[in-house]
>>> print(open('model_21.cif').read())   # mmCIF, C-alpha atoms and all ligand atoms
data_structure
#
loop_
_atom_site.label_atom_id
_atom_site.label_comp_id
_atom_site.auth_asym_id
_atom_site.auth_seq_id
_atom_site.Cartn_x
_atom_site.Cartn_y
_atom_site.Cartn_z
CA MET A 1 -2.52 -22.51 9.29
CA THR A 2 -5.03 -23.02 6.46
CA ALA A 3 -6.57 -20.32 4.29
CA GLN A 4 -10.03 -19.20 5.53
CA ASN A 5 -11.38 -18.32 2.09
CA PRO A 6 -10.89 -20.51 -1.00
CA MET A 7 -10.26 -17.33 -3.04
CA GLN A 8 -7.39 -16.30 -0.76
CA LYS A 9 -4.09 -16.01 -2.68
CA PHE A 10 -1.87 -17.11 0.22
CA ASP A 11 -2.09 -17.92 3.92
CA ILE A 12 -2.11 -14.83 6.11
CA ALA A 13 -4.40 -13.75 8.94
CA PRO A 14 -6.01 -10.28 9.19
CA GLU A 15 -4.00 -9.72 12.42
CA ASP A 16 -0.76 -10.31 10.50
CA ILE A 17 -1.84 -7.67 7.96
CA ASP A 18 -2.71 -5.22 10.75
CA ARG A 19 0.72 -5.73 12.34
CA LEU A 20 2.51 -5.32 9.00
CA VAL A 21 0.57 -2.16 8.12
CA ALA A 22 1.19 -0.56 11.54
CA ALA A 23 4.93 -1.34 11.35
CA PHE A 24 5.17 -0.11 7.76
CA TYR A 25 3.57 3.28 8.41
CA GLU A 26 5.71 3.70 11.53
CA ARG A 27 8.72 3.40 9.21
CA ILE A 28 7.05 5.65 6.62
CA ARG A 29 6.50 8.42 9.21
CA ALA A 30 10.22 8.29 10.07
CA HIS A 31 11.38 8.21 6.43
CA PRO A 32 13.18 11.39 5.30
CA LYS A 33 11.68 11.44 1.78
CA LEU A 34 8.33 9.65 2.08
CA GLY A 35 7.41 10.83 5.61
CA PRO A 36 6.66 14.45 4.66
CA ILE A 37 4.43 13.40 1.72
CA PHE A 38 2.29 11.31 4.06
CA GLY A 39 2.52 14.02 6.71
CA ARG A 40 0.80 16.43 4.33
CA ALA A 41 -1.79 13.93 3.06
CA ILE A 42 -2.70 12.18 6.35
CA ALA A 43 -1.45 14.08 9.42
CA PRO A 44 1.91 15.59 10.42
CA VAL A 45 2.09 13.50 13.61
CA ASP A 46 0.91 10.06 14.68
CA GLY A 47 -2.68 9.90 15.95
CA PRO A 48 -6.30 9.08 14.98
CA ASP A 49 -5.94 10.11 11.31
CA TRP A 50 -3.10 7.62 10.99
CA ARG A 51 -5.16 4.86 12.63
CA ALA A 52 -7.93 5.57 10.06
CA HIS A 53 -5.40 5.44 7.20
CA GLU A 54 -3.96 2.17 8.50
CA ALA A 55 -7.47 0.66 8.81
CA LYS A 56 -8.17 1.62 5.18
CA ILE A 57 -4.86 0.17 3.99
CA ALA A 58 -5.40 -3.08 5.92
CA SER A 59 -8.79 -3.34 4.19
CA PHE A 60 -7.07 -2.71 0.82
CA TRP A 61 -4.66 -5.60 1.50
CA ARG A 62 -7.45 -7.97 2.63
CA ASN A 63 -9.18 -7.18 -0.68
CA ALA A 64 -6.00 -7.61 -2.76
CA ILE A 65 -5.23 -10.94 -1.07
CA GLY A 66 -8.83 -12.13 -1.41
CA ILE A 67 -9.74 -12.32 2.30
CA ASP A 68 -12.75 -9.98 2.02
CA ARG A 69 -14.18 -7.39 -0.35
CA ALA A 70 -14.83 -4.46 2.01
CA TYR A 71 -12.33 -2.06 0.37
CA ASP A 72 -13.93 0.13 -2.28
CA GLY A 73 -11.33 2.80 -3.13
CA ASN A 74 -9.33 3.65 -6.23
CA PRO A 75 -5.67 3.75 -5.15
CA THR A 76 -4.37 4.50 -8.65
CA LYS A 77 -6.58 7.58 -8.83
CA ALA A 78 -5.41 8.69 -5.34
CA HIS A 79 -1.73 8.47 -6.35
CA VAL A 80 -2.23 10.20 -9.70
CA ALA A 81 -4.16 12.99 -7.92
CA ASN A 82 -1.43 13.56 -5.30
CA THR A 83 1.17 15.59 -7.22
CA ASP A 84 3.73 15.14 -4.41
CA ILE A 85 4.08 11.54 -5.66
CA HIS A 86 6.61 10.92 -8.46
CA PRO A 87 7.46 7.72 -10.37
CA GLY A 88 10.99 7.50 -8.89
CA MET A 89 9.59 7.11 -5.36
CA PHE A 90 7.95 3.74 -5.97
CA SER A 91 11.13 1.67 -5.62
CA THR A 92 11.88 3.35 -2.25
CA TRP A 93 8.32 2.65 -1.04
CA LEU A 94 8.43 -0.95 -2.29
CA ASP A 95 11.86 -1.69 -0.75
CA LEU A 96 10.71 -0.31 2.61
CA PHE A 97 7.53 -2.38 2.36
CA ALA A 98 9.52 -5.54 1.54
CA ASP A 99 11.94 -4.94 4.47
CA THR A 100 8.98 -4.47 6.84
CA ALA A 101 7.24 -7.59 5.51
CA ARG A 102 10.41 -9.65 6.09
CA ALA A 103 10.63 -8.33 9.66
CA GLU A 104 6.97 -8.94 10.52
CA LEU A 105 5.86 -12.04 8.57
CA THR A 106 7.04 -15.55 7.76
CA PRO A 107 9.43 -15.74 4.77
CA ALA A 108 6.68 -17.26 2.58
CA GLN A 109 4.12 -14.60 3.53
CA ALA A 110 6.69 -11.83 3.04
CA ALA A 111 7.63 -13.13 -0.42
CA SER A 112 3.95 -13.38 -1.46
CA ILE A 113 2.92 -9.92 -0.28
CA GLU A 114 6.09 -8.35 -1.68
CA ALA A 115 5.35 -9.84 -5.11
CA LEU A 116 1.78 -8.56 -4.93
CA ALA A 117 2.91 -5.07 -3.86
CA ARG A 118 5.47 -4.91 -6.69
CA ARG A 119 2.82 -5.90 -9.24
CA ILE A 120 0.31 -3.35 -7.98
CA GLY A 121 3.05 -0.73 -7.56
CA GLU A 122 4.16 -1.11 -11.17
CA GLY A 123 0.64 -0.33 -12.41
CA MET A 124 0.43 2.71 -10.14
CA ARG A 125 3.89 3.92 -11.08
CA TYR A 126 2.98 3.75 -14.75
CA ALA A 127 -0.27 5.66 -14.13
CA VAL A 128 1.73 8.35 -12.30
CA THR A 129 4.11 8.66 -15.31
CA GLN A 130 1.01 9.34 -17.45
CA ARG A 131 -0.33 12.04 -15.08
CA GLY A 132 -1.68 14.98 -17.07
CA GLN A 133 -1.30 13.16 -20.39
CA VAL A 134 -4.27 10.83 -20.25
CA LYS A 135 -7.75 12.32 -20.09
CA GLY A 136 -10.36 11.00 -17.68
CA GLU A 137 -10.10 8.93 -14.54
CA PRO A 138 -7.49 6.22 -14.10
CA PRO A 139 -9.19 2.83 -14.27
CA LYS A 140 -9.95 1.08 -10.99
CA LEU A 141 -7.38 -1.68 -11.26
CA PHE A 142 -7.26 -3.06 -7.70
C1 LIG A 201 5.69 6.32 -4.42
C2 LIG A 201 5.16 5.45 -3.55
C3 LIG A 201 3.94 5.81 -2.77
C4 LIG A 201 3.65 6.97 -2.10
C5 LIG A 201 4.53 8.19 -1.92
C6 LIG A 201 2.31 6.82 -1.57
C7 LIG A 201 1.65 7.78 -0.83
C8 LIG A 201 0.32 7.71 -0.48
C9 LIG A 201 -0.40 8.76 0.17
C10 LIG A 201 0.21 10.11 0.56
C11 LIG A 201 -1.67 8.34 0.34
C12 LIG A 201 -2.80 9.11 0.99
C13 LIG A 201 -3.84 9.49 0.00
C14 LIG A 201 -3.61 10.79 -0.72
O1 LIG A 201 -2.47 11.23 -0.94
O2 LIG A 201 -4.59 11.40 -1.11
C15 LIG A 201 -1.74 7.00 -0.19
C16 LIG A 201 -2.88 6.22 -0.20
C17 LIG A 201 -2.89 4.90 -0.53
N1 LIG A 201 -1.81 4.15 -0.96
FE1 LIG A 201 -0.02 4.86 -1.44
N2 LIG A 201 1.83 5.58 -1.90
C18 LIG A 201 2.79 4.93 -2.63
C19 LIG A 201 2.70 3.65 -3.15
C20 LIG A 201 1.69 2.77 -2.89
C21 LIG A 201 1.68 1.38 -3.29
C22 LIG A 201 2.78 0.69 -4.10
C23 LIG A 201 0.51 0.85 -2.83
C24 LIG A 201 -0.02 -0.54 -2.94
C25 LIG A 201 0.73 -1.59 -3.20
C26 LIG A 201 -0.21 1.93 -2.16
C27 LIG A 201 -1.46 1.82 -1.58
C28 LIG A 201 -2.24 2.87 -1.16
C29 LIG A 201 -3.66 2.77 -0.87
C30 LIG A 201 -4.53 1.54 -0.93
C31 LIG A 201 -4.07 4.06 -0.49
C32 LIG A 201 -5.48 4.49 -0.08
C33 LIG A 201 -6.26 4.95 -1.33
C34 LIG A 201 -7.69 5.28 -0.97
O3 LIG A 201 -7.93 6.43 -0.56
O4 LIG A 201 -8.56 4.39 -1.06
N3 LIG A 201 0.54 3.07 -2.20
N4 LIG A 201 -0.51 6.64 -0.69
#
>>> encode(input="model_21.cif", output="structure tokens", more="lines below")
Ligand code: HEM
Amino acid sequence: MTAQNPMQKFDIAPEDIDRLVAAFYERIRAHPKLGPIFGRAIAPVDGPDWRAHEAKIASFWRNAIGIDRAYDGNPTKAHVANTDIHPGMFSTWLDLFADTARAELTPAQAASIEALARRIGEGMRYAVTQRGQVKGEPPKLF
């Protein structure tokens, strides 16, 4: 498979991202610590609100990987604003994401998206540690 877009960071198709995202949030919904946080923010049970969240997250990943530029959110701001989210949760989220990526993607794709998630996650985690201490909006980093 060859990359569709010369700006694309690594080879992965939008369908692979959709499959990864669906599998990841299935695991998230079942997770004892992270599930309830998403249950409050998205919906307590699987359904249309979850499909909308997954579509937004797939768009976020296509943007982060360089496939397209449709995503126009500010994830750092969303995580700082949600006071259920604490810095210590990021490693749990990232490990679950990496396990799902290894189950759903090729080893090379999984390694690439895991590295990207850990980089983005570190910026978000730091912003969450600064919650309430820094005035103004978190910068739009991704
Ligand atoms: C402690 C770990 C994390 C938790 C508990 C968490 C939880 C959430 C929740 C509950 C939402 C829904 C929005 C809201 O609350 O208002 C959300 C949105 C989102 N999350 Fe996370 N998240 C975590 C880490 C990450 C990481 C590491 C990434 C990316 C690598 C990420 C990407 C996103 C994106 C793109 C959105 C949508 C933001 C928007 O509205 O445009 N999250 N997250």
>>> closest_residue(input="model_21.cif", among="A:Pro32, A:Gly47, A:Gly123, A:Gly66", to="ligand LIG 201 (chain A)", atoms="all atoms listed in the file")
A:Gly123
>>> residues_near_ligand(input="model_21.cif", ligand="ligand LIG 201 (chain A)", cutoff="8 Å", atoms="all atoms listed in the file", output="count of residues only")
43
>>> closest_residue(input="model_21.cif", among="A:Gly35, A:Gly132, A:Ile65, A:Pro48", to="A:Gln109", atoms="all atoms listed in the file")
A:Ile65
>>> atom_distance(input="model_21.cif", atom1="atom CA of A:Leu20", atom2="atom CA of A:Leu105")
7.5 Å
>>> atom_distance(input="model_21.cif", atom1="atom CA of A:Thr100", atom2="atom CA of A:Ile67")
20.8 Å
>>> build_atoms(input="model_21.cif", residues="stretch 113-124 of chain A", atoms="all heavy atoms", output="PDB file, in the coordinates of the input")
ATOM      1  N   ILE A 113       3.482 -11.280  -0.317  1.00  0.00           N
ATOM      2  CA  ILE A 113       2.920  -9.920  -0.280  1.00  0.00           C
ATOM      3  C   ILE A 113       3.859  -8.938  -0.986  1.00  0.00           C
ATOM      4  O   ILE A 113       3.406  -7.969  -1.606  1.00  0.00           O
ATOM      5  CB  ILE A 113       2.562  -9.487   1.170  1.00  0.00           C
ATOM      6  CG1 ILE A 113       1.489  -8.380   1.108  1.00  0.00           C
ATOM      7  CG2 ILE A 113       3.764  -9.051   1.982  1.00  0.00           C
ATOM      8  CD1 ILE A 113       0.731  -8.150   2.406  1.00  0.00           C
ATOM      9  N   GLU A 114       5.152  -9.210  -0.948  1.00  0.00           N
ATOM     10  CA  GLU A 114       6.090  -8.350  -1.680  1.00  0.00           C
ATOM     11  C   GLU A 114       5.815  -8.442  -3.188  1.00  0.00           C
ATOM     12  O   GLU A 114       5.760  -7.425  -3.890  1.00  0.00           O
ATOM     13  CB  GLU A 114       7.549  -8.740  -1.388  1.00  0.00           C
ATOM     14  CG  GLU A 114       8.521  -7.904  -2.218  1.00  0.00           C
ATOM     15  CD  GLU A 114       9.988  -8.266  -2.044  1.00  0.00           C
ATOM     16  OE1 GLU A 114      10.324  -9.056  -1.139  1.00  0.00           O
ATOM     17  OE2 GLU A 114      10.797  -7.736  -2.830  1.00  0.00           O
ATOM     18  N   ALA A 115       5.615  -9.660  -3.679  1.00  0.00           N
ATOM     19  CA  ALA A 115       5.350  -9.840  -5.110  1.00  0.00           C
ATOM     20  C   ALA A 115       4.066  -9.121  -5.514  1.00  0.00           C
ATOM     21  O   ALA A 115       4.007  -8.453  -6.555  1.00  0.00           O
ATOM     22  CB  ALA A 115       5.268 -11.329  -5.444  1.00  0.00           C
ATOM     23  N   LEU A 116       3.046  -9.226  -4.646  1.00  0.00           N
ATOM     24  CA  LEU A 116       1.780  -8.560  -4.930  1.00  0.00           C
ATOM     25  C   LEU A 116       1.960  -7.036  -4.935  1.00  0.00           C
ATOM     26  O   LEU A 116       1.477  -6.338  -5.836  1.00  0.00           O
ATOM     27  CB  LEU A 116       0.765  -9.001  -3.865  1.00  0.00           C
ATOM     28  CG  LEU A 116      -0.699  -8.665  -4.023  1.00  0.00           C
ATOM     29  CD1 LEU A 116      -1.243  -9.154  -5.366  1.00  0.00           C
ATOM     30  CD2 LEU A 116      -1.506  -9.312  -2.867  1.00  0.00           C
ATOM     31  N   ALA A 117       2.682  -6.526  -3.947  1.00  0.00           N
ATOM     32  CA  ALA A 117       2.910  -5.070  -3.860  1.00  0.00           C
ATOM     33  C   ALA A 117       3.686  -4.580  -5.090  1.00  0.00           C
ATOM     34  O   ALA A 117       3.379  -3.520  -5.645  1.00  0.00           O
ATOM     35  CB  ALA A 117       3.688  -4.732  -2.588  1.00  0.00           C
ATOM     36  N   ARG A 118       4.673  -5.352  -5.537  1.00  0.00           N
ATOM     37  CA  ARG A 118       5.470  -4.910  -6.690  1.00  0.00           C
ATOM     38  C   ARG A 118       4.609  -4.904  -7.964  1.00  0.00           C
ATOM     39  O   ARG A 118       4.751  -4.017  -8.808  1.00  0.00           O
ATOM     40  CB  ARG A 118       6.726  -5.783  -6.863  1.00  0.00           C
ATOM     41  CG  ARG A 118       7.740  -5.540  -5.750  1.00  0.00           C
ATOM     42  CD  ARG A 118       9.133  -6.069  -6.060  1.00  0.00           C
ATOM     43  NE  ARG A 118       9.992  -5.914  -4.887  1.00  0.00           N
ATOM     44  CZ  ARG A 118      10.633  -4.786  -4.539  1.00  0.00           C
ATOM     45  NH1 ARG A 118      10.537  -3.707  -5.291  1.00  0.00           N
ATOM     46  NH2 ARG A 118      11.378  -4.736  -3.452  1.00  0.00           N
ATOM     47  N   ARG A 119       3.712  -5.879  -8.076  1.00  0.00           N
ATOM     48  CA  ARG A 119       2.820  -5.900  -9.240  1.00  0.00           C
ATOM     49  C   ARG A 119       1.879  -4.704  -9.234  1.00  0.00           C
ATOM     50  O   ARG A 119       1.729  -4.009 -10.234  1.00  0.00           O
ATOM     51  CB  ARG A 119       2.014  -7.205  -9.213  1.00  0.00           C
ATOM     52  CG  ARG A 119       2.107  -7.937 -10.495  1.00  0.00           C
ATOM     53  CD  ARG A 119       1.530  -9.323 -10.592  1.00  0.00           C
ATOM     54  NE  ARG A 119       0.502  -9.750  -9.711  1.00  0.00           N
ATOM     55  CZ  ARG A 119       0.654 -10.726  -8.822  1.00  0.00           C
ATOM     56  NH1 ARG A 119       1.834 -11.312  -8.656  1.00  0.00           N
ATOM     57  NH2 ARG A 119      -0.358 -11.116  -8.089  1.00  0.00           N
ATOM     58  N   ILE A 120       1.247  -4.472  -8.093  1.00  0.00           N
ATOM     59  CA  ILE A 120       0.310  -3.350  -7.980  1.00  0.00           C
ATOM     60  C   ILE A 120       1.071  -2.027  -8.152  1.00  0.00           C
ATOM     61  O   ILE A 120       0.629  -1.121  -8.853  1.00  0.00           O
ATOM     62  CB  ILE A 120      -0.431  -3.398  -6.619  1.00  0.00           C
ATOM     63  CG1 ILE A 120      -1.311  -4.644  -6.540  1.00  0.00           C
ATOM     64  CG2 ILE A 120      -1.233  -2.124  -6.392  1.00  0.00           C
ATOM     65  CD1 ILE A 120      -1.903  -4.921  -5.155  1.00  0.00           C
ATOM     66  N   GLY A 121       2.236  -1.952  -7.513  1.00  0.00           N
ATOM     67  CA  GLY A 121       3.050  -0.730  -7.560  1.00  0.00           C
ATOM     68  C   GLY A 121       3.466  -0.379  -8.976  1.00  0.00           C
ATOM     69  O   GLY A 121       3.516   0.802  -9.345  1.00  0.00           O
ATOM     70  N   GLU A 122       3.745  -1.382  -9.789  1.00  0.00           N
ATOM     71  CA  GLU A 122       4.160  -1.110 -11.170  1.00  0.00           C
ATOM     72  C   GLU A 122       3.021  -0.459 -11.961  1.00  0.00           C
ATOM     73  O   GLU A 122       3.235   0.487 -12.723  1.00  0.00           O
ATOM     74  CB  GLU A 122       4.657  -2.396 -11.843  1.00  0.00           C
ATOM     75  CG  GLU A 122       5.135  -2.235 -13.269  1.00  0.00           C
ATOM     76  CD  GLU A 122       6.114  -1.070 -13.486  1.00  0.00           C
ATOM     77  OE1 GLU A 122       6.884  -0.710 -12.562  1.00  0.00           O
ATOM     78  OE2 GLU A 122       6.080  -0.492 -14.599  1.00  0.00           O
ATOM     79  N   GLY A 123       1.804  -0.945 -11.757  1.00  0.00           N
ATOM     80  CA  GLY A 123       0.640  -0.330 -12.410  1.00  0.00           C
ATOM     81  C   GLY A 123       0.441   1.111 -11.973  1.00  0.00           C
ATOM     82  O   GLY A 123       0.185   2.002 -12.785  1.00  0.00           O
ATOM     83  N   MET A 124       0.596   1.337 -10.673  1.00  0.00           N
ATOM     84  CA  MET A 124       0.430   2.710 -10.140  1.00  0.00           C
ATOM     85  C   MET A 124       1.525   3.632 -10.647  1.00  0.00           C
ATOM     86  O   MET A 124       1.277   4.771 -10.995  1.00  0.00           O
ATOM     87  CB  MET A 124       0.562   2.680  -8.614  1.00  0.00           C
ATOM     88  CG  MET A 124      -0.678   2.350  -7.896  1.00  0.00           C
ATOM     89  SD  MET A 124      -0.218   2.456  -6.156  1.00  0.00           S
ATOM     90  CE  MET A 124      -1.684   1.719  -5.499  1.00  0.00           C
TER      91      MET A 124
END
